[in-house]
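Listing of entry22.txt, compact mmCIF, C-alpha atoms
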# COMPACT_ATOMS: atom_id res chain seq x y z
CA MET A 25 16.75 14.97 -40.96
CA SER A 26 20.51 14.73 -41.13
CA ALA A 27 22.29 11.93 -39.38
CA THR A 28 25.78 10.86 -38.46
CA ALA A 29 26.84 7.56 -36.95
CA THR A 30 26.00 8.77 -33.47
CA GLU A 31 23.74 11.80 -33.78
CA THR A 32 20.46 12.57 -35.45
CA ARG A 33 19.30 16.13 -35.97
CA PHE A 34 15.93 17.49 -36.95
CA ARG A 35 13.87 20.61 -36.34
CA ALA A 36 10.87 20.79 -34.03
CA MET A 37 9.34 23.36 -31.68
CA GLY A 38 11.25 26.10 -33.49
CA CYS A 39 14.69 24.74 -32.62
CA GLU A 40 17.14 22.01 -33.55
CA ILE A 41 16.71 18.67 -31.83
CA VAL A 42 19.81 16.52 -31.42
CA VAL A 43 19.53 12.88 -30.41
CA ALA A 44 22.61 10.82 -29.60
CA GLY A 45 22.11 7.10 -29.04
CA GLY A 46 19.20 4.89 -29.90
CA GLY A 47 18.28 2.96 -32.99
CA ARG A 48 15.90 3.72 -35.80
CA PRO A 49 12.70 2.82 -33.85
CA GLU A 50 13.65 5.04 -30.91
CA LEU A 51 14.56 7.93 -33.20
CA ARG A 52 11.24 7.60 -35.00
CA ALA A 53 9.41 7.56 -31.66
CA ILE A 54 11.29 10.65 -30.46
CA ARG A 55 10.54 12.53 -33.66
CA THR A 56 6.87 11.62 -33.37
CA LEU A 57 6.88 12.70 -29.73
CA PHE A 58 8.20 16.20 -30.54
CA ALA A 59 5.78 16.59 -33.45
CA GLU A 60 2.85 15.56 -31.26
CA ARG A 61 3.76 17.92 -28.43
CA ASP A 62 4.24 20.76 -30.91
CA ARG A 63 0.84 20.05 -32.45
CA VAL A 64 -0.84 20.38 -29.04
CA PHE A 65 1.15 23.15 -27.35
CA SER A 66 2.38 25.46 -30.10
CA ARG A 67 1.41 29.12 -29.78
CA PHE A 68 2.04 29.52 -33.49
CA ARG A 69 -0.32 26.88 -34.87
CA PRO A 70 -3.93 28.07 -35.10
CA ASP A 71 -5.19 24.48 -34.74
CA SER A 72 -3.24 23.70 -31.56
CA GLU A 73 -5.13 22.84 -28.39
CA LEU A 74 -3.28 25.66 -26.64
CA ASN A 75 -4.73 28.21 -29.03
CA SER A 76 -8.23 26.81 -28.69
CA VAL A 77 -7.89 27.19 -24.91
CA ASN A 78 -6.60 30.75 -25.32
CA ARG A 79 -9.51 31.60 -27.63
CA ALA A 80 -11.90 30.36 -24.94
CA ALA A 81 -10.34 32.49 -22.19
CA GLY A 82 -12.93 33.34 -19.58
CA SER A 83 -14.99 30.20 -20.17
CA PRO A 84 -14.48 26.69 -18.80
CA THR A 85 -12.94 24.35 -21.38
CA LEU A 86 -12.61 20.58 -21.35
CA VAL A 87 -9.00 19.85 -22.26
CA SER A 88 -7.15 16.64 -23.06
CA ARG A 89 -5.55 14.66 -20.26
CA ARG A 90 -2.07 15.57 -21.52
CA PHE A 91 -2.95 19.26 -21.62
CA ALA A 92 -4.35 19.18 -18.09
CA GLU A 93 -1.21 17.45 -16.81
CA THR A 94 0.97 20.06 -18.46
CA VAL A 95 -1.03 22.95 -17.01
CA ARG A 96 -0.79 21.27 -13.61
CA CYS A 97 2.98 21.03 -14.09
CA ALA A 98 3.18 24.70 -15.13
CA LEU A 99 1.22 25.71 -12.03
CA ALA A 100 3.55 23.66 -9.81
CA VAL A 101 6.53 25.33 -11.46
CA ALA A 102 5.00 28.76 -10.87
CA GLU A 103 4.47 27.92 -7.22
CA GLN A 104 7.99 26.52 -6.79
CA THR A 105 9.51 29.62 -8.34
CA ALA A 106 7.30 32.02 -6.35
CA GLY A 107 5.66 33.12 -9.60
CA LEU A 108 8.88 33.94 -11.48
CA VAL A 109 8.11 31.35 -14.17
CA ASP A 110 4.46 32.12 -14.87
CA PRO A 111 2.44 30.57 -17.72
CA THR A 112 0.15 33.61 -18.06
CA VAL A 113 2.69 35.92 -19.74
CA GLY A 114 1.59 35.00 -23.28
CA ALA A 115 -0.40 38.19 -23.82
CA SER A 116 2.71 40.29 -23.10
CA LEU A 117 4.75 38.30 -25.63
CA VAL A 118 2.06 38.81 -28.28
CA ALA A 119 1.66 42.52 -27.50
CA LEU A 120 5.43 43.04 -27.63
CA GLY A 121 5.60 41.45 -31.07
CA TYR A 122 6.43 37.78 -30.42
CA GLY A 123 3.15 36.46 -31.77
CA GLY A 124 4.52 34.22 -34.52
CA ASP A 125 7.35 31.81 -35.17
CA PHE A 126 10.59 33.46 -34.07
CA ALA A 127 12.22 32.80 -37.44
CA ASP A 128 9.61 35.04 -39.07
CA LEU A 129 10.06 37.97 -36.67
CA GLY A 130 11.54 41.04 -38.25
CA ASP A 131 12.23 44.55 -37.11
CA ASP A 132 9.24 46.82 -36.91
CA ALA A 133 9.51 50.60 -36.63
CA ALA A 134 6.15 50.81 -34.87
CA PRO A 135 6.30 50.62 -31.08
CA PRO A 136 4.59 47.62 -29.47
CA ALA A 137 1.20 47.78 -27.79
CA PRO A 138 1.28 48.74 -24.12
CA VAL A 139 1.46 45.82 -21.69
CA GLY A 140 0.57 45.33 -18.05
CA PRO A 141 1.29 42.76 -15.36
CA ALA A 142 0.46 39.16 -16.23
CA PRO A 143 -2.93 37.93 -14.94
CA GLY A 144 -1.01 35.53 -12.68
CA TRP A 145 -0.97 31.76 -12.37
CA ARG A 146 -3.20 31.80 -9.28
CA ARG A 147 -6.13 32.88 -11.44
CA ILE A 148 -6.00 29.69 -13.50
CA GLU A 149 -8.71 27.27 -12.40
CA LEU A 150 -8.14 23.60 -13.12
CA SER A 151 -10.34 20.79 -11.86
CA GLY A 152 -9.61 17.44 -13.44
CA ARG A 153 -9.74 18.19 -17.17
CA LEU A 154 -11.87 21.29 -16.80
CA LEU A 155 -9.76 24.40 -17.29
CA ARG A 156 -10.65 28.06 -17.06
CA ILE A 157 -8.17 30.83 -17.67
CA PRO A 158 -9.01 34.48 -16.91
CA PRO A 159 -10.52 36.61 -19.68
CA GLY A 160 -7.82 38.12 -21.89
CA CYS A 161 -5.20 35.65 -20.64
CA VAL A 162 -2.89 33.99 -23.18
CA LEU A 163 -1.27 30.83 -21.85
CA ASP A 164 2.33 30.19 -22.85
CA LEU A 165 3.42 26.72 -21.78
CA ASN A 166 6.77 26.83 -23.55
CA GLY A 167 8.42 27.14 -20.14
CA VAL A 168 7.65 23.52 -19.39
CA VAL A 169 6.68 21.76 -22.62
CA LYS A 170 10.00 21.70 -24.45
CA SER A 171 12.14 20.56 -21.54
CA ALA A 172 9.53 18.03 -20.38
CA THR A 173 9.50 16.61 -23.90
CA VAL A 174 13.29 16.31 -23.79
CA ASP A 175 12.94 14.31 -20.56
CA GLU A 176 10.34 12.05 -22.14
CA ALA A 177 12.51 11.60 -25.21
CA VAL A 178 15.66 10.64 -23.32
CA ALA A 179 13.64 8.03 -21.44
CA LEU A 180 12.97 6.36 -24.82
CA LEU A 181 16.68 5.75 -25.42
CA PRO A 182 17.59 2.13 -24.75
CA GLY A 183 21.08 2.95 -23.47
CA SER A 184 23.40 5.88 -22.94
CA GLY A 185 23.01 9.03 -24.98
CA PHE A 186 21.39 12.43 -24.79
CA VAL A 187 18.57 14.49 -26.26
CA SER A 188 18.96 18.22 -26.77
CA ALA A 189 16.33 20.73 -27.85
CA GLY A 190 17.97 24.01 -28.75
CA GLY A 191 20.59 23.45 -26.06
CA ASP A 192 18.26 22.19 -23.31
CA LEU A 193 19.67 18.77 -22.69
CA ALA A 194 18.95 15.55 -20.79
CA VAL A 195 21.51 12.78 -20.55
CA ARG A 196 21.67 9.07 -19.90
CA GLY A 197 25.06 7.78 -18.94
CA GLY A 198 26.94 11.07 -18.72
CA THR A 199 27.97 13.53 -21.41
CA ASP A 200 30.53 16.30 -21.64
CA VAL A 201 28.77 19.52 -22.54
CA ALA A 202 30.24 22.75 -23.91
CA LEU A 203 29.16 25.85 -22.00
CA PRO A 204 28.33 29.41 -23.08
CA ALA A 205 31.33 31.75 -23.09
CA GLY A 206 33.76 28.83 -23.11
CA GLY A 207 34.51 25.84 -20.95
CA ALA A 208 32.81 22.49 -20.52
CA VAL A 209 31.30 20.35 -17.82
CA ARG A 210 30.32 16.70 -17.51
CA VAL A 211 26.65 16.12 -16.86
CA VAL A 212 26.73 12.85 -14.95
CA ARG A 213 23.00 12.61 -14.29
CA GLY A 214 19.92 14.68 -15.08
CA GLY A 215 19.82 17.63 -17.42
CA ILE A 216 21.32 21.00 -18.15
CA ALA A 217 19.73 24.07 -19.71
CA THR A 218 20.74 27.57 -20.63
CA THR A 219 18.49 30.56 -20.96
CA GLY A 220 19.35 34.09 -21.89
CA THR A 221 18.34 37.41 -23.29
CA GLU A 222 20.57 37.49 -26.38
CA ARG A 223 19.15 34.95 -28.78
CA ARG A 224 15.36 35.25 -28.83
CA ARG A 225 15.11 38.99 -29.12
CA TRP A 226 13.57 41.33 -31.60
CA ARG A 227 13.19 45.05 -32.23
CA ARG A 228 10.05 47.13 -32.06
CA GLY A 229 10.00 50.91 -32.31
CA GLY A 230 13.79 51.01 -32.18
CA ALA A 231 14.02 49.14 -28.86
CA TRP A 232 15.13 45.56 -28.23
CA TYR A 233 12.81 43.09 -26.54
CA HIS A 234 13.45 39.51 -25.39
CA HIS A 235 11.25 36.56 -24.47
CA LEU A 236 11.94 36.32 -20.73
CA ILE A 237 9.02 38.28 -19.34
CA ASP A 238 8.82 39.56 -15.78
CA PRO A 239 5.24 38.64 -14.75
CA ALA A 240 5.13 41.60 -12.35
CA THR A 241 5.48 44.16 -15.16
CA GLY A 242 4.67 42.21 -18.32
CA LEU A 243 7.89 43.59 -19.81
CA PRO A 244 11.14 41.78 -20.65
CA ALA A 245 13.01 41.15 -17.41
CA ARG A 246 15.96 43.37 -16.52
CA SER A 247 18.70 41.15 -15.18
CA PRO A 248 22.43 41.50 -14.62
CA TRP A 249 22.83 38.13 -16.37
CA ARG A 250 23.07 37.66 -20.10
CA GLU A 251 22.96 33.87 -19.85
CA VAL A 252 22.23 31.45 -17.04
CA THR A 253 23.02 27.74 -17.17
CA ALA A 254 21.58 25.41 -14.53
CA SER A 255 21.59 21.67 -14.00
CA GLY A 256 18.65 19.75 -12.63
CA ALA A 257 17.60 16.21 -11.85
CA ALA A 258 15.74 16.44 -15.16
CA CYS A 259 15.87 18.84 -18.07
CA LEU A 260 12.60 20.37 -16.85
CA ASP A 261 14.17 21.21 -13.48
CA ALA A 262 17.23 22.65 -15.20
CA ASP A 263 15.22 24.82 -17.59
CA VAL A 264 12.91 26.14 -14.89
CA ALA A 265 15.84 26.81 -12.57
CA ALA A 266 17.79 28.67 -15.27
CA ARG A 267 14.81 30.90 -16.11
CA ALA A 268 13.98 31.57 -12.47
CA ALA A 269 17.61 32.35 -11.62
CA LEU A 270 17.87 34.82 -14.50
CA LEU A 271 14.61 36.49 -13.49
CA ALA A 272 15.74 36.58 -9.84
CA GLY A 273 18.61 38.86 -10.91
CA ALA A 274 21.46 39.28 -8.44
CA ALA A 275 19.76 36.82 -6.08
CA GLY A 276 19.91 34.08 -8.75
CA PRO A 277 23.07 32.25 -7.57
CA GLY A 278 21.84 32.08 -3.98
CA TRP A 279 18.34 31.05 -5.10
CA LEU A 280 19.85 28.02 -6.85
CA ASP A 281 22.18 27.25 -3.92
CA GLN A 282 19.20 27.10 -1.57
CA ARG A 283 17.82 24.29 -3.73
CA GLY A 284 21.14 22.47 -4.17
CA MET A 285 21.19 23.30 -7.88
CA PRO A 286 24.39 24.18 -9.73
CA GLY A 287 24.22 27.43 -11.68
CA ARG A 288 26.57 29.31 -13.98
CA PHE A 289 26.00 32.95 -14.82
CA VAL A 290 27.38 35.04 -17.67
CA GLY A 291 27.11 38.75 -16.92
CA GLU A 292 26.40 41.50 -19.43
CA ASP A 293 30.16 42.10 -19.68
CA GLY A 294 30.88 38.41 -20.33
CA HIS A 295 32.17 37.75 -16.82
CA VAL A 296 31.40 34.18 -15.70
CA THR A 297 30.19 33.50 -12.16
CA VAL A 298 29.26 30.13 -10.68
CA ASN A 299 27.36 29.45 -7.49
CA ARG A 300 28.66 27.40 -4.55
CA THR A 301 26.90 24.21 -5.66
CA TRP A 302 28.50 24.40 -9.12
CA THR A 303 31.93 24.95 -7.60
CA ALA A 304 31.49 21.97 -5.28
CA MET A 305 30.57 19.67 -8.19
CA ALA A 306 32.52 20.91 -11.16
CA GLY A 307 35.03 23.42 -9.84
CA ALA A 308 35.45 27.11 -10.48
CA PRO A 309 35.21 28.43 -14.04
CA ALA A 310 38.44 27.90 -15.97
CA CYS A 311 38.29 31.09 -17.96
CA ILE A 312 36.93 34.32 -16.62
CA MET B 21 -67.54 -35.21 16.94
CA SER B 22 -66.28 -31.68 17.33
CA ILE B 23 -64.65 -30.07 20.32
CA GLU B 24 -65.44 -26.49 21.05
CA LEU B 25 -62.37 -24.68 22.45
CA PRO B 26 -63.16 -21.87 24.74
CA GLU B 27 -62.25 -18.39 23.50
CA PRO B 28 -59.14 -17.11 25.38
CA ALA B 29 -59.90 -14.39 27.74
CA PRO B 30 -58.90 -10.92 26.44
CA GLN B 31 -56.87 -10.30 29.57
CA ARG B 32 -54.70 -13.35 28.83
CA ILE B 33 -54.10 -12.18 25.25
CA ALA B 34 -53.05 -8.73 26.45
CA ALA B 35 -50.74 -10.25 29.05
CA ALA B 36 -49.11 -12.48 26.40
CA ARG B 37 -48.55 -9.50 24.11
CA ARG B 38 -46.90 -7.54 26.94
CA ARG B 39 -44.57 -10.47 27.67
CA ALA B 40 -43.64 -10.78 23.99
CA HIS B 41 -43.01 -7.02 23.77
CA THR B 42 -40.84 -7.09 26.87
CA ALA B 43 -38.93 -10.07 25.50
CA LYS B 44 -38.27 -8.25 22.19
CA LEU B 45 -37.02 -5.16 24.03
CA GLY B 46 -34.80 -7.35 26.16
CA LEU B 47 -33.35 -9.09 23.12
CA ALA B 48 -32.70 -5.76 21.36
CA ALA B 49 -31.03 -4.29 24.45
CA ALA B 50 -28.92 -7.40 24.88
CA GLY B 51 -27.91 -7.27 21.19
CA LEU B 52 -26.89 -3.60 21.45
CA ALA B 53 -24.96 -4.24 24.63
CA PHE B 54 -23.20 -7.21 23.04
CA PHE B 55 -22.33 -5.16 19.95
CA GLY B 56 -21.06 -2.24 22.03
CA LEU B 57 -18.94 -4.51 24.20
CA GLY B 58 -17.59 -6.25 21.11
CA MET B 59 -16.66 -2.94 19.42
CA THR B 60 -14.99 -1.68 22.57
CA LEU B 61 -12.91 -4.82 22.80
CA VAL B 62 -12.04 -4.67 19.10
CA LYS B 63 -10.95 -1.02 19.31
CA ALA B 64 -8.86 -1.80 22.36
CA ASN B 65 -7.17 -4.87 20.94
CA VAL B 66 -7.16 -4.85 17.13
CA SER B 67 -4.38 -2.73 15.63
CA GLY B 68 -6.40 -1.70 12.56
CA HIS B 69 -8.81 0.32 14.70
CA SER B 70 -7.84 3.76 15.94
CA ARG B 71 -8.24 4.52 19.65
CA ARG B 72 -8.22 8.25 18.98
CA PRO B 73 -10.47 10.44 16.85
CA LEU B 74 -9.56 10.09 13.19
CA ARG B 75 -7.92 12.96 11.32
CA PRO B 76 -7.96 13.46 7.54
CA LEU B 77 -5.45 11.27 5.73
CA ASP B 78 -3.30 14.16 4.50
CA ALA B 79 0.12 15.60 5.15
CA PRO B 80 0.31 18.78 7.25
CA SER B 81 0.24 21.90 5.11
CA ARG B 82 3.69 22.96 6.34
CA PHE B 83 5.16 19.64 5.21
CA ARG B 84 3.51 20.01 1.82
CA ALA B 85 4.89 23.53 1.44
CA ILE B 86 8.42 22.27 2.16
CA VAL B 87 8.03 19.42 -0.34
CA ARG B 88 6.82 21.86 -3.00
CA GLN B 89 9.71 24.21 -2.37
CA ASP B 90 12.16 21.35 -2.67
CA ALA B 91 10.57 19.84 -5.77
CA LEU B 92 13.20 21.40 -8.00
CA ALA B 93 16.18 19.08 -7.66
CA GLY B 94 19.75 19.59 -8.80
CA GLY B 95 21.53 17.48 -11.38
CA LEU B 96 24.90 15.84 -10.89
CA LEU B 97 27.90 17.53 -12.51
CA ALA B 98 31.60 16.77 -12.63
CA PRO B 99 34.62 18.36 -14.29
CA ALA B 100 34.72 17.66 -18.02
CA GLN B 101 36.64 14.50 -18.93
CA ALA B 102 36.78 14.74 -22.72
CA ASP B 103 35.97 17.01 -25.62
CA PRO B 104 32.34 18.04 -25.36
CA GLY B 105 29.92 15.92 -27.34
CA ALA B 106 27.04 18.34 -26.84
CA THR B 107 26.42 22.01 -26.28
CA THR B 108 24.07 23.89 -24.03
CA SER B 109 23.09 27.29 -25.28
CA GLN B 110 20.22 29.73 -25.23
CA SER B 111 17.15 28.21 -26.78
Can you present the structure in this file as structure tokens?
Amino acid sequence: MSATATETRFRAMGCEIVVAGGGRPELRAIRTLFAERDRVFSRFRPDSELNSVNRAAGSPTLVSRRFAETVRCALAVAEQTAGLVDPTVGASLVALGYGGDFADLGDDAAPPAPVGPAPGWRRIELSGRLLRIPPGCVLDLNGVVKSATVDEAVALLPGSGFVSAGGDLAVRGGTDVALPAGGAVRVVRGGIATTGTERRRWRRGGAWYHHLIDPATGLPARSPWREVTASGAACLDADVAARAALLAGAAGPGWLDQRGMPGRFVGEDGHVTVNRTWTAMAGAPACI
Amino acid sequence: MSIELPEPAPQRIAAARRRAHTAKLGLAAAGLAFFGLGMTLVKANVSGHSRRPLRPLDAPSRFRAIVRQDALAGGLLAPAQADPGATTSQS
């Protein structure tokens, strides 16, 4: 862990965590929180509860209260996004080559295994703590766990500050945040998150693949946007909105406007577009 | 000295049993009527009792659908005021 007077940085969940504000007890609690969530929800740890659930696909499993709450949250997110952000796309990620820690992924000349549509979130059965996922399904809860942990962490800060996990950020007290492709914005309340197709990508059989899977095809989504930044009442809202807007393609800006969520879109050519809600709050982009 | 009481006539015993039975029925009917009248008055006058048939204590499905759709809420942004202290980027 490296620390400055105002920021503490450490690695968890495969990305860099930055905490600004808070004393030593809060920082220790936040670090423990990320480690605990990673231990339960990591796809890359054989002993994680997530992997034990995935191994038991097809059979009912009694899960921890935290796990059940997170699955419930993931199902709510899937419903709110009309299935765009679906927790059942894990099998596609594994088949396409993203089955281990991203840092360990290398190029592979062999083409990936064929994939099909995701089983779909509606096939997940959850009653209390009893969970059953369809046979062959691989749950991937990364779409909610990291940003929800950021929200929990920022709530531990005694005063103003922020917590960022790989660029997904929640603030207390307002923070000026640098944006992809230049520019900055002040996050007065809530969170901001960016998702995109450029960073978490890998090559299999000579073709590039990225981690944003279209549940309808099981393949990486084709979108006119390279990066989408959204702001939400919490980091979880922002992260979900950014993913859904990218997967929604050209309809992304309007999709966010319908929900009163500011969104900023970087096209494949680097052109920056913002939706009406972003313009009303923070103005038009300064550099296009 | 002992006094021999005459055995009551069977007809008198039967008549007494009929009167007791009738009295019990009367008391039960009066109790039911009193309870029914009391409940009617309570339902008509006490605000905690519904005058209409009860419906399940749940929001209409359309309302729930709207709430779910609106569950994602926007954050609050403003133009930047200083050099950025944080960065949002692809994770």
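Taking CA of Arg90 (chain A) and CA of Ala102 (chain A) as the two end points, the separation is 18.4 Å.
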Coordinates-based distance that separates CA of Leu117 (chain A) from CA of Val290 (chain A) (Å, one decimal) | 24.2 Å
Any chance you could tabulate, as a Markdown table, the residues of chain B at most 9 Å from chain A with each one's nearest atom pair and distance in Å to one decimal, using all atoms listed in the file, in chain and rising number order?
| residue | atom | partner | partner_atom | distance |
| --- | --- | --- | --- | --- |
| B:Arg88 | CA | A:Gln104 | CA | 6.1 |
| B:Gln89 | CA | A:Gln104 | CA | 5.3 |
| B:Asp90 | CA | A:Arg283 | CA | 6.5 |
| B:Ala91 | CA | A:Gln104 | CA | 7.2 |
| B:Leu92 | CA | A:Asp261 | CA | 5.6 |
| B:Ala93 | CA | A:Ala257 | CA | 5.3 |
| B:Gly94 | CA | A:Gly256 | CA | 4.0 |
| B:Gly95 | CA | A:Gly256 | CA | 3.9 |
| B:Leu96 | CA | A:Arg213 | CA | 5.1 |
| B:Leu97 | CA | A:Val211 | CA | 4.7 |
| B:Ala98 | CA | A:Ala306 | CA | 4.5 |
| B:Pro99 | CA | A:Ala306 | CA | 4.6 |
| B:Ala100 | CA | A:Val209 | CA | 4.4 |
| B:Gln101 | CA | A:Arg210 | CA | 6.8 |
| B:Ala102 | CA | A:Asp200 | CA | 6.5 |
| B:Asp103 | CA | A:Asp200 | CA | 6.8 |
| B:Pro104 | CA | A:Asp200 | CA | 4.5 |
| B:Gly105 | CA | A:Asp200 | CA | 5.7 |
| B:Ala106 | CA | A:Val201 | CA | 4.8 |
| B:Thr107 | CA | A:Ala202 | CA | 4.6 |
| B:Thr108 | CA | A:Gly191 | CA | 4.1 |
| B:Ser109 | CA | A:Gly191 | CA | 4.6 |
| B:Gln110 | CA | A:Thr219 | CA | 4.7 |
| B:Ser111 | CA | A:Gly190 | CA | 4.7 |
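The space between CA of Val169 (chain A) and CA of Ala266 (chain A) spans 15.0 Å.
For Ala179 (chain A), the non-local neighbours within 12 Å, defined as residues at least 2 positions apart in the same chain or in other chains and counting all atoms listed in the file, are Val43, Gly45, Gly46, Glu50, Leu51, Ala53, Ile54, Leu57, Ala172, Thr173, Val174, Asp175, Glu176, Ala177, Leu181, Pro182, Gly183, Ser184, Gly185, Phe186, Val187, Ala194, Val195, Arg196, Gly197, Gly214, Ala258 and Cys259 of chain A.
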So which residues fall inside 9 Å of (1.1, 46.1, -25.9) if we count all atoms listed in the file? Mind giving them as a PDB file with C-alpha atoms, keeping the file's coordinate frame?
ATOM      1  CA  ALA A 115      -0.400  38.190 -23.820  1.00  0.00           C
ATOM      2  CA  SER A 116       2.710  40.290 -23.100  1.00  0.00           C
ATOM      3  CA  LEU A 117       4.750  38.300 -25.630  1.00  0.00           C
ATOM      4  CA  VAL A 118       2.060  38.810 -28.280  1.00  0.00           C
ATOM      5  CA  ALA A 119       1.660  42.520 -27.500  1.00  0.00           C
ATOM      6  CA  LEU A 120       5.430  43.040 -27.630  1.00  0.00           C
ATOM      7  CA  GLY A 121       5.600  41.450 -31.070  1.00  0.00           C
ATOM      8  CA  PRO A 135       6.300  50.620 -31.080  1.00  0.00           C
ATOM      9  CA  PRO A 136       4.590  47.620 -29.470  1.00  0.00           C
ATOM     10  CA  ALA A 137       1.200  47.780 -27.790  1.00  0.00           C
ATOM     11  CA  PRO A 138       1.280  48.740 -24.120  1.00  0.00           C
ATOM     12  CA  VAL A 139       1.460  45.820 -21.690  1.00  0.00           C
ATOM     13  CA  GLY A 140       0.570  45.330 -18.050  1.00  0.00           C
TER      14      GLY A 140
END
Spatial neighbours of Ala245 (chain A), 8 Å, all atoms listed in the file, chain gap at least 4 places, as a list in words = Leu236, Ile237, Asp238 and Leu271 of chain A
May I have the protein, DNA and RNA residues with an atom at most 8 Å from (-1.8, 28.8, -21.0), counting all atoms listed in the file in the file's coordinates, returned as an mmCIF file with C-alpha atoms, keeping the file's coordinate frame?
data_model
loop_
_atom_site.group_PDB
_atom_site.id
_atom_site.type_symbol
_atom_site.label_atom_id
_atom_site.label_comp_id
_atom_site.auth_asym_id
_atom_site.auth_seq_id
_atom_site.Cartn_x
_atom_site.Cartn_y
_atom_site.Cartn_z
ATOM 1 C CA LEU A 74 -3.280 25.660 -26.640
ATOM 2 C CA VAL A 77 -7.890 27.190 -24.910
ATOM 3 C CA ASN A 78 -6.600 30.750 -25.320
ATOM 4 C CA VAL A 95 -1.030 22.950 -17.010
ATOM 5 C CA PRO A 111 2.440 30.570 -17.720
ATOM 6 C CA THR A 112 0.150 33.610 -18.060
ATOM 7 C CA GLY A 114 1.590 35.000 -23.280
ATOM 8 C CA ILE A 157 -8.170 30.830 -17.670
ATOM 9 C CA CYS A 161 -5.200 35.650 -20.640
ATOM 10 C CA VAL A 162 -2.890 33.990 -23.180
ATOM 11 C CA LEU A 163 -1.270 30.830 -21.850
ATOM 12 C CA ASP A 164 2.330 30.190 -22.850
ATOM 13 C CA LEU A 165 3.420 26.720 -21.780
#
